[in-house]
Amino acid sequence: MKELAKITPEEFIQRRKALMEKIGKNSIAIIPSSEVKYRNSDAEFAFRQNSDFLYLTGFNEPKSVAVILPGREESEYILFCREKDPKTEQWTGRMVGLDGAVEDYNADDAFPIDDIDDILPSLMENRSKVFYSVGNNPDFDKQVISWVNSLRAKVRNGVQAPHEFVSLDVFLHEMRLFKSPQEQQLMRDAGAVSVRAHQRAMKACNAGMMEYEIEAEYLHEFKKAGMDAAYTTIVGGGEWGCILHYVENNDVLKDNELLLIDAGAENQGYASDITRTFPTNGKFTDAQRQLYQVVLDAQYAAIEQCKPGNRWIDPHDAAVRVITTGLVELGLLEGSIDKLIGDKEYFPFYMHKTGHWLGLDVHDVGDYKIDDEWRELKAGMTLTVEPGLYISPSKDVDEKWWNIGIRIEDDLLITESGNEVLTAELLKEVDDIEAWMAD
């Protein structure tokens with residue numbers, strides 16, 4: 001397998017410089033890492049770095065804090081982290097250490113995390129603004145406030161404490177919304193692995209299998225490529241496909257039912273997010289085929305609207321119109337298309353938006369509205385397009401449609417001329433799915 005692309009050290013440097021320009025001199029930005037979380041007793045959850053911290057540093061250890069100090073002559077980027085310790089390394093693996101933070105991760109200086117209470121308050125002196133995202137880590141929030149208060153207590157000695165807290169999200173999340181060429185390639189690679197995983201699952205699927213057996217096919221393909229799951233995999237057969245975030249994945253797959261799978265790989269923090277729906281026995285029933293085609297047509301219509309100059313809501317509006325029209329043609333709704341859309345009569349069958357931003361978080365950061373207006377799509381943005389239909393049993397619905405849940409989701413990059421579907425290699429036409437599963 002080819003070697004995966006990586007974010008270069010130079011790009012991390014450029015990101016920090018860009019942030020410094022945005023927050024300005026006389027400011028300080030403080031970004032803590034994630035912490036290790038325990039699932040039970042002495043067993044840890046797999047460590048996942050804080051996305052903002054990872055975006056700025058590339059540093060993948062807990063108990064770390066990045067400090068950005070624009071204009072400081074001695075050092076503008078300081079990393080607090082763990083010191084190397086042979087006893088700890090014996091149990092949990094190699095540590096970067098202070099020298100590695102400077103040599104391998106381009107910190108201007110590095111200090112032991114255990115010394116942060118002694119050092120960081122002095123770095124705040126004469127800085128008027130503290131850029132810090134409050135609320136993600138209550139314990140660290142208290143620590144930051146205590147540093148500011150310790151400086152305020154020294155005002156009579158001529159010490160100037162910061163007088164303003166500003167959420168770092170305002171600038172940092174807008175930066176993250178636009179993906180660089182290196183980020184785009186990481187997401188292409190994640191998408192390619194996810195495509196292989198979905199293809200593998202379609203080949204493996206048979207009625208009588210358990211949902212978790214299909215989930216295992218995905219995890220195998222992700223790990224084989226050196227990646228992890230970007231989120232908890234959804235494997236919902238039959239009625240469970242109508243539950244948007246079904247994650248139990250522990251039922252038997254029944255004949256003549258659809259299987260909805262929402263699964264994507266994470267590549268060095270960058271997520272892919274794909275959903276496909278296909279018949280457990282490899283052959284769509286007439287009812288399944290009809291509803292599936294409505295969703296597929298809605299996705300094509302939404303993808304067509306994903307281009308610079310359009311608004312974020314335009315793909316959703318296009319999908320809603322196709323879905324509503326399809327529901328009328330199939331007899332699930334009656335009336336004027338415009339009125340049905342205006343009254344949201346489609347909502348019992350399609351209750352979510354058609355996509356979300358995608359990046360270091362699977363539901364990535366970035367505002368969807370600016371000044372209460374849906375924001376304009378621009379080159380470099382990445383998003384999903386995922387219309388669906390979910391027909392739960394109801395006295396108002398013909399029984400032939402019951403328990404049919406369908407979602408079709410792909411990952412897109414907005415380009416200067418339109419869009420690139422990062423996961424386009426994964427088949428989704430009815431005939432192609434049936435041929436692939438029969439082969």
# chains A, B, ... in the order shown; residues from 1 in each chain; ligands from 1
$ select_by_dssp --residues "region 285-350 of chain A" --states "helix (DSSP H, G or I)" --output "VMD selection string"
chain A and resid 286 to 304 314 to 329 337 to 342
$ write_last_selection --atoms "N, CA and C atoms" --output "CSV table (one decimal), in the first residue's frame"
chain,number,residue,atom,x,y,z
A,286,ASP,N,-39.4,-4.1,-5.2
A,286,ASP,CA,-39.9,-3.0,-6.0
A,286,ASP,C,-40.0,-1.8,-5.1
A,287,ALA,N,-40.6,-1.9,-3.9
A,287,ALA,CA,-40.8,-0.8,-3.0
A,287,ALA,C,-39.5,-0.2,-2.6
A,288,GLN,N,-38.5,-1.0,-2.3
A,288,GLN,CA,-37.2,-0.5,-1.9
A,288,GLN,C,-36.5,0.2,-3.0
A,289,ARG,N,-36.6,-0.3,-4.2
A,289,ARG,CA,-36.0,0.3,-5.4
A,289,ARG,C,-36.6,1.7,-5.7
A,290,GLN,N,-38.0,1.8,-5.6
A,290,GLN,CA,-38.6,3.1,-5.8
A,290,GLN,C,-38.2,4.2,-4.8
A,291,LEU,N,-38.2,3.8,-3.6
A,291,LEU,CA,-37.8,4.8,-2.6
A,291,LEU,C,-36.3,5.1,-2.7
A,292,TYR,N,-35.5,4.1,-2.9
A,292,TYR,CA,-34.1,4.3,-3.1
A,292,TYR,C,-33.8,5.3,-4.2
A,293,GLN,N,-34.5,5.2,-5.3
A,293,GLN,CA,-34.2,6.0,-6.5
A,293,GLN,C,-34.6,7.5,-6.1
A,294,VAL,N,-35.6,7.7,-5.3
A,294,VAL,CA,-36.0,9.0,-4.9
A,294,VAL,C,-34.8,9.7,-4.1
A,295,VAL,N,-34.2,8.9,-3.2
A,295,VAL,CA,-33.1,9.4,-2.4
A,295,VAL,C,-31.9,9.7,-3.3
A,296,LEU,N,-31.6,8.8,-4.2
A,296,LEU,CA,-30.4,8.9,-5.0
A,296,LEU,C,-30.6,10.2,-5.9
A,297,ASP,N,-31.8,10.3,-6.5
A,297,ASP,CA,-32.0,11.5,-7.3
A,297,ASP,C,-31.9,12.8,-6.5
A,298,ALA,N,-32.4,12.7,-5.3
A,298,ALA,CA,-32.2,13.9,-4.4
A,298,ALA,C,-30.8,14.2,-4.1
A,299,GLN,N,-29.9,13.2,-3.9
A,299,GLN,CA,-28.5,13.4,-3.7
A,299,GLN,C,-27.9,14.0,-4.9
A,300,TYR,N,-28.2,13.5,-6.1
A,300,TYR,CA,-27.6,14.1,-7.3
A,300,TYR,C,-28.0,15.6,-7.5
A,301,ALA,N,-29.2,15.9,-7.1
A,301,ALA,CA,-29.7,17.3,-7.2
A,301,ALA,C,-29.0,18.2,-6.2
A,302,ALA,N,-28.7,17.6,-5.0
A,302,ALA,CA,-28.0,18.4,-4.0
A,302,ALA,C,-26.6,18.6,-4.4
A,303,ILE,N,-25.9,17.6,-4.9
A,303,ILE,CA,-24.5,17.7,-5.3
A,303,ILE,C,-24.3,18.7,-6.4
A,304,GLU,N,-25.3,18.8,-7.2
A,304,GLU,CA,-25.2,19.8,-8.3
A,304,GLU,C,-25.2,21.2,-7.8
A,314,ASP,N,-28.6,25.6,-0.1
A,314,ASP,CA,-29.1,25.3,-1.4
A,314,ASP,C,-29.2,23.8,-1.7
A,315,PRO,N,-28.1,23.0,-1.4
A,315,PRO,CA,-28.2,21.6,-1.6
A,315,PRO,C,-29.4,21.0,-0.8
A,316,HIS,N,-29.6,21.4,0.4
A,316,HIS,CA,-30.7,20.9,1.2
A,316,HIS,C,-32.1,21.2,0.5
A,317,ASP,N,-32.2,22.4,0.1
A,317,ASP,CA,-33.5,22.8,-0.6
A,317,ASP,C,-33.7,22.0,-1.9
A,318,ALA,N,-32.7,21.7,-2.6
A,318,ALA,CA,-32.8,20.9,-3.8
A,318,ALA,C,-33.2,19.5,-3.5
A,319,ALA,N,-32.6,18.9,-2.4
A,319,ALA,CA,-32.9,17.6,-2.0
A,319,ALA,C,-34.4,17.5,-1.5
A,320,VAL,N,-34.8,18.4,-0.8
A,320,VAL,CA,-36.2,18.4,-0.2
A,320,VAL,C,-37.2,18.5,-1.4
A,321,ARG,N,-36.9,19.3,-2.4
A,321,ARG,CA,-37.9,19.3,-3.5
A,321,ARG,C,-38.0,18.0,-4.2
A,322,VAL,N,-36.8,17.3,-4.5
A,322,VAL,CA,-36.8,16.0,-5.2
A,322,VAL,C,-37.5,15.0,-4.3
A,323,ILE,N,-37.2,15.0,-3.0
A,323,ILE,CA,-37.8,14.0,-2.1
A,323,ILE,C,-39.4,14.2,-2.0
A,324,THR,N,-39.8,15.5,-1.8
A,324,THR,CA,-41.2,15.7,-1.7
A,324,THR,C,-42.0,15.3,-3.0
A,325,THR,N,-41.3,15.7,-4.1
A,325,THR,CA,-42.0,15.3,-5.4
A,325,THR,C,-42.1,13.8,-5.5
A,326,GLY,N,-41.0,13.1,-5.1
A,326,GLY,CA,-41.0,11.6,-5.2
A,326,GLY,C,-42.1,11.0,-4.2
A,327,LEU,N,-42.2,11.6,-3.1
A,327,LEU,CA,-43.2,11.1,-2.1
A,327,LEU,C,-44.6,11.3,-2.7
A,328,VAL,N,-44.9,12.3,-3.4
A,328,VAL,CA,-46.2,12.6,-4.0
A,328,VAL,C,-46.4,11.5,-5.1
A,329,GLU,N,-45.4,11.3,-5.9
A,329,GLU,CA,-45.5,10.4,-7.1
A,329,GLU,C,-45.8,8.9,-6.6
A,337,ILE,N,-46.7,20.6,-4.4
A,337,ILE,CA,-45.3,20.4,-4.0
A,337,ILE,C,-44.9,21.6,-3.2
A,338,ASP,N,-45.1,22.8,-3.7
A,338,ASP,CA,-44.7,24.0,-2.9
A,338,ASP,C,-45.3,24.1,-1.6
A,339,LYS,N,-46.6,23.8,-1.5
A,339,LYS,CA,-47.3,23.9,-0.2
A,339,LYS,C,-46.8,22.8,0.8
A,340,LEU,N,-46.6,21.6,0.2
A,340,LEU,CA,-46.0,20.5,1.1
A,340,LEU,C,-44.7,20.9,1.6
A,341,ILE,N,-43.8,21.5,0.8
A,341,ILE,CA,-42.5,21.9,1.3
A,341,ILE,C,-42.6,23.1,2.3
A,342,GLY,N,-43.5,24.0,2.0
A,342,GLY,CA,-43.7,25.1,2.9
A,342,GLY,C,-44.2,24.7,4.3
$ residues_around --residues "Gly191 (chain A)" --least-positions-apart "3" --cutoff "7 Å" --atoms "only C-alpha atoms" --output "list in words"
Met187, Arg188, Ser194, Val195, Ser272, Leu422 and Thr423 of chain A
$ residues_around --residues "Tyr105 (chain A)" --least-positions-apart "2" --cutoff "9 Å" --atoms "only C-alpha atoms" --output "PyMOL selection string"
chain A and resi 9+12+57-59+100-103+107
$ write_last_selection --atoms "C-alpha atoms" --output "compact mmCIF listing (two decimals), in the first residue's frame"
# COMPACT_ATOMS: atom_id res chain seq x y z
CA PRO A 9 5.85 20.77 9.67
CA PHE A 12 1.71 23.73 11.08
CA THR A 57 0.63 21.57 16.70
CA GLY A 58 0.45 18.08 15.19
CA PHE A 59 1.41 16.96 18.70
CA GLY A 100 11.45 16.47 20.87
CA ALA A 101 8.83 19.21 21.18
CA VAL A 102 11.40 21.69 19.92
CA GLU A 103 13.30 19.54 17.45
CA ALA A 107 8.15 24.71 19.35
$ select_by_dssp --residues "region 2-250 of chain A" --states "strand (DSSP E)" --output "ChimeraX atom specification"
/A:27-32,38-40,43-44,65-68,77-81,109-112,129-131,164-166,228-229,234-237
$ write_last_selection --atoms "C-alpha atoms" --output "PDB file, in the first residue's frame"
ATOM      1  CA  SER A  27      -2.572  38.836  23.072  1.00  0.00           C
ATOM      2  CA  ILE A  28      -1.999  35.290  24.252  1.00  0.00           C
ATOM      3  CA  ALA A  29      -3.713  32.148  22.995  1.00  0.00           C
ATOM      4  CA  ILE A  30      -3.908  29.069  25.196  1.00  0.00           C
ATOM      5  CA  ILE A  31      -4.873  25.691  23.733  1.00  0.00           C
ATOM      6  CA  PRO A  32      -4.921  22.583  25.965  1.00  0.00           C
ATOM      7  CA  TYR A  38     -10.832   5.813  31.501  1.00  0.00           C
ATOM      8  CA  ARG A  39     -13.473   3.322  30.421  1.00  0.00           C
ATOM      9  CA  ASN A  40     -13.218   1.256  33.605  1.00  0.00           C
ATOM     10  CA  ALA A  43      -8.299   0.520  31.218  1.00  0.00           C
ATOM     11  CA  GLU A  44      -8.186   3.635  29.044  1.00  0.00           C
ATOM     12  CA  VAL A  65      -0.725  22.935  26.459  1.00  0.00           C
ATOM     13  CA  ALA A  66       0.171  25.107  23.462  1.00  0.00           C
ATOM     14  CA  VAL A  67       0.737  28.814  24.090  1.00  0.00           C
ATOM     15  CA  ILE A  68       0.830  31.347  21.245  1.00  0.00           C
ATOM     16  CA  TYR A  77       5.151  29.340  20.337  1.00  0.00           C
ATOM     17  CA  ILE A  78       5.671  27.500  23.622  1.00  0.00           C
ATOM     18  CA  LEU A  79       4.651  23.922  24.292  1.00  0.00           C
ATOM     19  CA  PHE A  80       4.127  22.575  27.793  1.00  0.00           C
ATOM     20  CA  CYS A  81       4.324  18.795  27.764  1.00  0.00           C
ATOM     21  CA  ASP A 109      10.582  26.561  23.616  1.00  0.00           C
ATOM     22  CA  ALA A 110       9.195  23.743  25.732  1.00  0.00           C
ATOM     23  CA  PHE A 111       8.609  23.432  29.467  1.00  0.00           C
ATOM     24  CA  PRO A 112       7.461  20.618  31.762  1.00  0.00           C
ATOM     25  CA  LYS A 129      -6.398  39.698  25.673  1.00  0.00           C
ATOM     26  CA  VAL A 130      -6.537  36.000  26.449  1.00  0.00           C
ATOM     27  CA  PHE A 131      -7.787  33.901  23.525  1.00  0.00           C
ATOM     28  CA  GLU A 164     -10.446  40.598  28.166  1.00  0.00           C
ATOM     29  CA  PHE A 165     -11.239  36.965  27.405  1.00  0.00           C
ATOM     30  CA  VAL A 166     -12.024  36.131  23.755  1.00  0.00           C
ATOM     31  CA  ASP A 228      -9.422   4.224  12.863  1.00  0.00           C
ATOM     32  CA  ALA A 229     -13.167   4.707  12.685  1.00  0.00           C
ATOM     33  CA  ILE A 234     -24.034   2.575  12.296  1.00  0.00           C
ATOM     34  CA  VAL A 235     -25.113  -0.811  10.939  1.00  0.00           C
ATOM     35  CA  GLY A 236     -28.912  -0.886  10.890  1.00  0.00           C
ATOM     36  CA  GLY A 237     -30.898  -3.610   9.208  1.00  0.00           C
TER      37      GLY A 237
END
$ closest_atom_pairs --of "region 247-340 of chain A" --to "region 368-372 of chain A" --cutoff "10 Å" --atoms "only C-alpha atoms" --output "CSV"
residue,atom,partner,partner_atom,distance
A:Arg311,CA,A:Tyr368,CA,9.3
A:Trp312,CA,A:Tyr368,CA,6.9
A:Ile313,CA,A:Tyr368,CA,8.7
$ closest_residue --among "A:Met175, A:Gln90, A:Val362, A:His163" --to "Lys17 (chain A)" --atoms "only C-alpha atoms"
A:Met175
$ closest_residue --among "A:Val134, A:Ile145, A:Met202, A:Leu172" --to "Leu19 (chain A)" --atoms "only C-alpha atoms"
A:Leu172
$ atom_distance --atom1 "CA of Val421 (chain A)" --atom2 "CA of Gly388 (chain A)"
18.1 Å
$ closest_residue --among "A:Leu123, A:Ala263, A:Met381, A:Leu219" --to "Glu76 (chain A)" --atoms "only C-alpha atoms"
A:Leu123
$ closest_atom_pairs --of "region 110-221 of chain A" --to "region 426-437 of chain A" --cutoff "9 Å" --atoms "only C-alpha atoms" --output "JSON lines"
{"residue": "A:Ala192", "atom": "CA", "partner": "A:Leu426", "partner_atom": "CA", "distance": 8.7}
{"residue": "A:Ser194", "atom": "CA", "partner": "A:Leu426", "partner_atom": "CA", "distance": 8.9}
{"residue": "A:Val195", "atom": "CA", "partner": "A:Leu426", "partner_atom": "CA", "distance": 5.4}
{"residue": "A:Arg196", "atom": "CA", "partner": "A:Leu426", "partner_atom": "CA", "distance": 8.0}
{"residue": "A:His198", "atom": "CA", "partner": "A:Leu426", "partner_atom": "CA", "distance": 7.6}
{"residue": "A:Gln199", "atom": "CA", "partner": "A:Leu426", "partner_atom": "CA", "distance": 7.2}
{"residue": "A:Met202", "atom": "CA", "partner": "A:Met437", "partner_atom": "CA", "distance": 6.0}
{"residue": "A:Lys203", "atom": "CA", "partner": "A:Met437", "partner_atom": "CA", "distance": 5.3}
{"residue": "A:Ala204", "atom": "CA", "partner": "A:Met437", "partner_atom": "CA", "distance": 8.3}
{"residue": "A:Cys205", "atom": "CA", "partner": "A:Met437", "partner_atom": "CA", "distance": 8.1}
$ decode --residues "region 59-129 of chain A" --atoms "C-alpha atoms" --output "compact mmCIF listing (two decimals), in the first residue's frame"
# COMPACT_ATOMS: atom_id res chain seq x y z
CA PHE A 59 1.41 16.96 18.70
CA ASN A 60 -0.43 13.82 19.75
CA GLU A 61 0.16 13.47 23.49
CA PRO A 62 -2.09 14.21 26.47
CA LYS A 63 -1.13 16.55 29.33
CA SER A 64 0.05 19.25 26.93
CA VAL A 65 -0.72 22.94 26.46
CA ALA A 66 0.17 25.11 23.46
CA VAL A 67 0.74 28.81 24.09
CA ILE A 68 0.83 31.35 21.25
CA LEU A 69 2.47 34.73 22.00
CA PRO A 70 2.51 37.00 18.93
CA GLY A 71 5.48 39.35 18.79
CA ARG A 72 7.37 37.86 21.74
CA GLU A 73 11.06 38.05 20.89
CA GLU A 74 12.21 35.07 22.93
CA SER A 75 9.58 32.64 21.65
CA GLU A 76 6.16 32.99 20.05
CA TYR A 77 5.15 29.34 20.34
CA ILE A 78 5.67 27.50 23.62
CA LEU A 79 4.65 23.92 24.29
CA PHE A 80 4.13 22.57 27.79
CA CYS A 81 4.32 18.80 27.76
CA ARG A 82 5.48 15.76 29.70
CA GLU A 83 9.16 15.23 30.32
CA LYS A 84 10.59 11.97 29.07
CA ASP A 85 10.50 9.36 31.80
CA PRO A 86 11.95 5.85 31.30
CA LYS A 87 9.60 4.29 33.87
CA THR A 88 6.49 5.73 32.20
CA GLU A 89 7.81 4.78 28.76
CA GLN A 90 8.25 1.21 29.98
CA TRP A 91 4.50 1.00 30.60
CA THR A 92 2.87 3.21 27.98
CA GLY A 93 5.37 3.77 25.18
CA ARG A 94 7.75 6.45 23.95
CA MET A 95 7.26 10.09 24.89
CA VAL A 96 8.29 13.09 22.80
CA GLY A 97 9.76 15.04 25.71
CA LEU A 98 10.94 18.65 25.82
CA ASP A 99 13.74 18.27 23.29
CA GLY A 100 11.45 16.47 20.87
CA ALA A 101 8.83 19.21 21.18
CA VAL A 102 11.40 21.69 19.92
CA GLU A 103 13.30 19.54 17.45
CA ASP A 104 10.44 17.52 15.95
CA TYR A 105 7.42 19.80 16.46
CA ASN A 106 9.04 23.20 15.99
CA ALA A 107 8.15 24.71 19.35
CA ASP A 108 10.29 27.78 20.04
CA ASP A 109 10.58 26.56 23.62
CA ALA A 110 9.19 23.74 25.73
CA PHE A 111 8.61 23.43 29.47
CA PRO A 112 7.46 20.62 31.76
CA ILE A 113 3.69 20.51 32.12
CA ASP A 114 4.15 20.20 35.88
CA ASP A 115 5.68 23.70 35.91
CA ILE A 116 2.86 25.43 34.07
CA ASP A 117 1.41 27.12 37.18
CA ASP A 118 4.76 28.75 37.85
CA ILE A 119 5.53 29.81 34.28
CA LEU A 120 2.34 30.61 32.41
CA PRO A 121 1.10 33.53 34.55
CA SER A 122 4.29 35.43 33.77
CA LEU A 123 3.64 34.86 30.05
CA MET A 124 0.28 36.58 30.48
CA GLU A 125 1.79 39.75 31.93
CA ASN A 126 1.19 42.84 29.77
CA ARG A 127 -1.00 40.85 27.38
CA SER A 128 -4.36 42.58 27.12
CA LYS A 129 -6.40 39.70 25.67
